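Participant: After the structure tokens below, expect a handful of questions from me.
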Amino acid sequence: MLYFLLVAGNIFLRRTVEILPTFNNKRQAVDIAQQVQEDISGYLVTITAMNAAVGVTTAAAMYLCGLGDPLLWGTTAFLLNYIPILGPLVGVCIFVLVGMLSFESLWWALLPSVLYFGIHLVEGETLTPMLLARRFTLNPVLIILSLVFWFWMWGVLGAILAVPMLAILKIICDRLRPLKALGHFLEGE
């Protein structure tokens, strides 16, 4: 379905503009569509750049602590970081297991997960919020609920798309007067 929505995206916008009764409504629909495209594109570029930084940093950290295949672990960190909250949690669990299987000493075994968690903490709690604060201020509780719901509906793909879909809903609600209260409800601090 996502594929067909992406292929037919302009058709839906054209049809929406065609059926709207007034010029102001048509202009508002186009304005909302452009705002969604700009904001989601900016979000995806920012998140991809931050995920790449997390992947490179994780690969370097795993290399320095002596864990085999650092590129694999960097790629894993890169991909898991697309799923907010749940991805890094799964990553910590993976690095605990890999550390336990790779090192005999408990302290060395926990080092990969501690390093990964530290990298994620710096990125997730400091850098990414500073870069995205102007564009996306979403309620964290609603992000978690959205993640759970879309993961339940569509699996991993749903979890990856949960935040962008929530952001799209907020953009639409902020632009339509009858839905402004819902947009305010979706907003974070």
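By order of appearance in the structure tokens: chains A, B, ..., then residues from 1 within every chain, and ligands from 1 in the order shown.
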Can you pull out the residues contacting region 152-165 of chain A? Cut-off 8 Å, using only C-alpha atoms, and skip same-chain residues under 3 positions away; I want them as a ChimeraX atom specification.
Facilitator: /A:40,43,82-84,143,146-149,168-169
Participant: Pull N, CA, C and O atoms from the residues just selected and write them as a PDB file, in the first residue's frame.
Facilitator:
```
ATOM      1  N   ILE A  40       8.865  16.708   6.289  1.00  0.00           N
ATOM      2  CA  ILE A  40       9.231  15.298   6.342  1.00  0.00           C
ATOM      3  C   ILE A  40      10.576  15.070   5.643  1.00  0.00           C
ATOM      4  O   ILE A  40      11.399  14.281   6.112  1.00  0.00           O
ATOM      5  N   TYR A  43      13.148  16.242   8.062  1.00  0.00           N
ATOM      6  CA  TYR A  43      13.227  15.268   9.161  1.00  0.00           C
ATOM      7  C   TYR A  43      14.036  14.043   8.734  1.00  0.00           C
ATOM      8  O   TYR A  43      14.943  13.600   9.443  1.00  0.00           O
ATOM      9  N   TYR A  82      16.670   4.278  13.426  1.00  0.00           N
ATOM     10  CA  TYR A  82      15.495   4.811  12.735  1.00  0.00           C
ATOM     11  C   TYR A  82      14.219   4.585  13.544  1.00  0.00           C
ATOM     12  O   TYR A  82      13.224   5.266  13.311  1.00  0.00           O
ATOM     13  N   ILE A  83      14.237   3.622  14.443  1.00  0.00           N
ATOM     14  CA  ILE A  83      13.058   3.330  15.249  1.00  0.00           C
ATOM     15  C   ILE A  83      13.260   3.993  16.614  1.00  0.00           C
ATOM     16  O   ILE A  83      14.069   3.522  17.413  1.00  0.00           O
ATOM     17  N   PRO A  84      12.580   5.093  16.881  1.00  0.00           N
ATOM     18  CA  PRO A  84      12.789   5.784  18.152  1.00  0.00           C
ATOM     19  C   PRO A  84      12.458   4.884  19.338  1.00  0.00           C
ATOM     20  O   PRO A  84      11.547   4.067  19.279  1.00  0.00           O
ATOM     21  N   ILE A 143       4.309   9.732  20.903  1.00  0.00           N
ATOM     22  CA  ILE A 143       5.271   9.045  20.043  1.00  0.00           C
ATOM     23  C   ILE A 143       5.335   7.566  20.414  1.00  0.00           C
ATOM     24  O   ILE A 143       5.302   6.695  19.542  1.00  0.00           O
ATOM     25  N   SER A 146       2.162   5.901  19.317  1.00  0.00           N
ATOM     26  CA  SER A 146       2.193   5.767  17.867  1.00  0.00           C
ATOM     27  C   SER A 146       3.114   4.617  17.450  1.00  0.00           C
ATOM     28  O   SER A 146       2.774   3.824  16.565  1.00  0.00           O
ATOM     29  N   LEU A 147       4.279   4.514  18.101  1.00  0.00           N
ATOM     30  CA  LEU A 147       5.191   3.412  17.808  1.00  0.00           C
ATOM     31  C   LEU A 147       4.539   2.063  18.070  1.00  0.00           C
ATOM     32  O   LEU A 147       4.612   1.146  17.244  1.00  0.00           O
ATOM     33  N   VAL A 148       3.904   1.937  19.218  1.00  0.00           N
ATOM     34  CA  VAL A 148       3.267   0.673  19.571  1.00  0.00           C
ATOM     35  C   VAL A 148       2.159   0.339  18.586  1.00  0.00           C
ATOM     36  O   VAL A 148       2.072  -0.788  18.081  1.00  0.00           O
ATOM     37  N   PHE A 149       1.318   1.321  18.299  1.00  0.00           N
ATOM     38  CA  PHE A 149       0.197   1.081  17.389  1.00  0.00           C
ATOM     39  C   PHE A 149       0.678   0.688  16.000  1.00  0.00           C
ATOM     40  O   PHE A 149       0.233  -0.311  15.439  1.00  0.00           O
ATOM     41  N   ILE A 168       3.089  14.275  10.230  1.00  0.00           N
ATOM     42  CA  ILE A 168       2.180  14.688   9.157  1.00  0.00           C
ATOM     43  C   ILE A 168       0.820  15.055   9.729  1.00  0.00           C
ATOM     44  O   ILE A 168       0.234  16.078   9.352  1.00  0.00           O
ATOM     45  N   LEU A 169       0.333  14.234  10.648  1.00  0.00           N
ATOM     46  CA  LEU A 169      -0.953  14.536  11.288  1.00  0.00           C
ATOM     47  C   LEU A 169      -0.898  15.876  12.009  1.00  0.00           C
ATOM     48  O   LEU A 169      -1.813  16.685  11.902  1.00  0.00           O
TER      49      LEU A 169
END
```
Participant: Can you list every residue of region 99-176 of chain A that has an atom at most 12 Å from region 33-37 of chain A, with its nearest atom pair and the distance in Å to one decimal, using only C-alpha atoms, ordered by chain then number, as JSON lines?
Facilitator:
```
{"residue": "A:Arg135", "atom": "CA", "partner": "A:Gln35", "partner_atom": "CA", "distance": 10.8}
{"residue": "A:Phe136", "atom": "CA", "partner": "A:Val36", "partner_atom": "CA", "distance": 11.6}
{"residue": "A:Pro164", "atom": "CA", "partner": "A:Val36", "partner_atom": "CA", "distance": 9.5}
{"residue": "A:Met165", "atom": "CA", "partner": "A:Val36", "partner_atom": "CA", "distance": 10.0}
{"residue": "A:Leu166", "atom": "CA", "partner": "A:Val36", "partner_atom": "CA", "distance": 11.2}
{"residue": "A:Ala167", "atom": "CA", "partner": "A:Val36", "partner_atom": "CA", "distance": 8.3}
{"residue": "A:Ile168", "atom": "CA", "partner": "A:Val36", "partner_atom": "CA", "distance": 6.0}
{"residue": "A:Leu169", "atom": "CA", "partner": "A:Val36", "partner_atom": "CA", "distance": 9.2}
{"residue": "A:Lys170", "atom": "CA", "partner": "A:Val36", "partner_atom": "CA", "distance": 9.6}
{"residue": "A:Ile171", "atom": "CA", "partner": "A:Val36", "partner_atom": "CA", "distance": 6.6}
{"residue": "A:Ile172", "atom": "CA", "partner": "A:Val36", "partner_atom": "CA", "distance": 7.9}
{"residue": "A:Cys173", "atom": "CA", "partner": "A:Val36", "partner_atom": "CA", "distance": 11.3}
{"residue": "A:Asp174", "atom": "CA", "partner": "A:Gln35", "partner_atom": "CA", "distance": 10.8}
{"residue": "A:Arg175", "atom": "CA", "partner": "A:Gln35", "partner_atom": "CA", "distance": 9.5}
```
Participant: Can you tell me which residues surround Leu72 (chain A) at a distance of at most 10 Å, considering only C-alpha atoms, apart from same-chain residues fewer than 5 positions away, and format the answer as an NGL selection string?
Facilitator: :A and (55 or 58-59 or 62 or 77-78)
Participant: To one decimal in Å, tell me the separation between CA of Ile47 (chain A) and CA of Leu89 (chain A).
Facilitator: 17.4 Å
Participant: Using only C-alpha atoms, which protein or nucleic acid residues come within 12 Å of Glu18 (chain A)? Drop anything in the same chain fewer than 6 positions from it, and give the result as a PDB file with N, CA and C atoms, in the first residue's frame.
Facilitator:
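Wrote part_21.pdb, looks like this:
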```
ATOM      1  N   ILE A  11      -1.498  12.254  -7.718  1.00  0.00           N
ATOM      2  CA  ILE A  11      -2.885  12.063  -8.163  1.00  0.00           C
ATOM      3  C   ILE A  11      -3.846  12.445  -7.041  1.00  0.00           C
ATOM      4  N   PHE A  12      -3.536  12.042  -5.818  1.00  0.00           N
ATOM      5  CA  PHE A  12      -4.409  12.364  -4.692  1.00  0.00           C
ATOM      6  C   PHE A  12      -4.459  13.875  -4.441  1.00  0.00           C
ATOM      7  N   ASN A  25      -9.593  27.109  -0.312  1.00  0.00           N
ATOM      8  CA  ASN A  25      -9.456  25.711   0.109  1.00  0.00           C
ATOM      9  C   ASN A  25      -8.426  24.979  -0.750  1.00  0.00           C
ATOM     10  N   LYS A  26      -8.443  25.252  -2.041  1.00  0.00           N
ATOM     11  CA  LYS A  26      -7.482  24.624  -2.951  1.00  0.00           C
ATOM     12  C   LYS A  26      -6.062  25.057  -2.599  1.00  0.00           C
ATOM     13  N   ARG A  27      -5.892  26.340  -2.366  1.00  0.00           N
ATOM     14  CA  ARG A  27      -4.578  26.876  -2.004  1.00  0.00           C
ATOM     15  C   ARG A  27      -4.099  26.295  -0.675  1.00  0.00           C
ATOM     16  N   ALA A  29      -4.898  23.371   0.602  1.00  0.00           N
ATOM     17  CA  ALA A  29      -4.533  21.960   0.398  1.00  0.00           C
ATOM     18  C   ALA A  29      -3.128  21.838  -0.190  1.00  0.00           C
ATOM     19  N   VAL A  30      -2.839  22.679  -1.186  1.00  0.00           N
ATOM     20  CA  VAL A  30      -1.510  22.660  -1.795  1.00  0.00           C
ATOM     21  C   VAL A  30      -0.460  23.116  -0.775  1.00  0.00           C
TER      22      VAL A  30
END
```
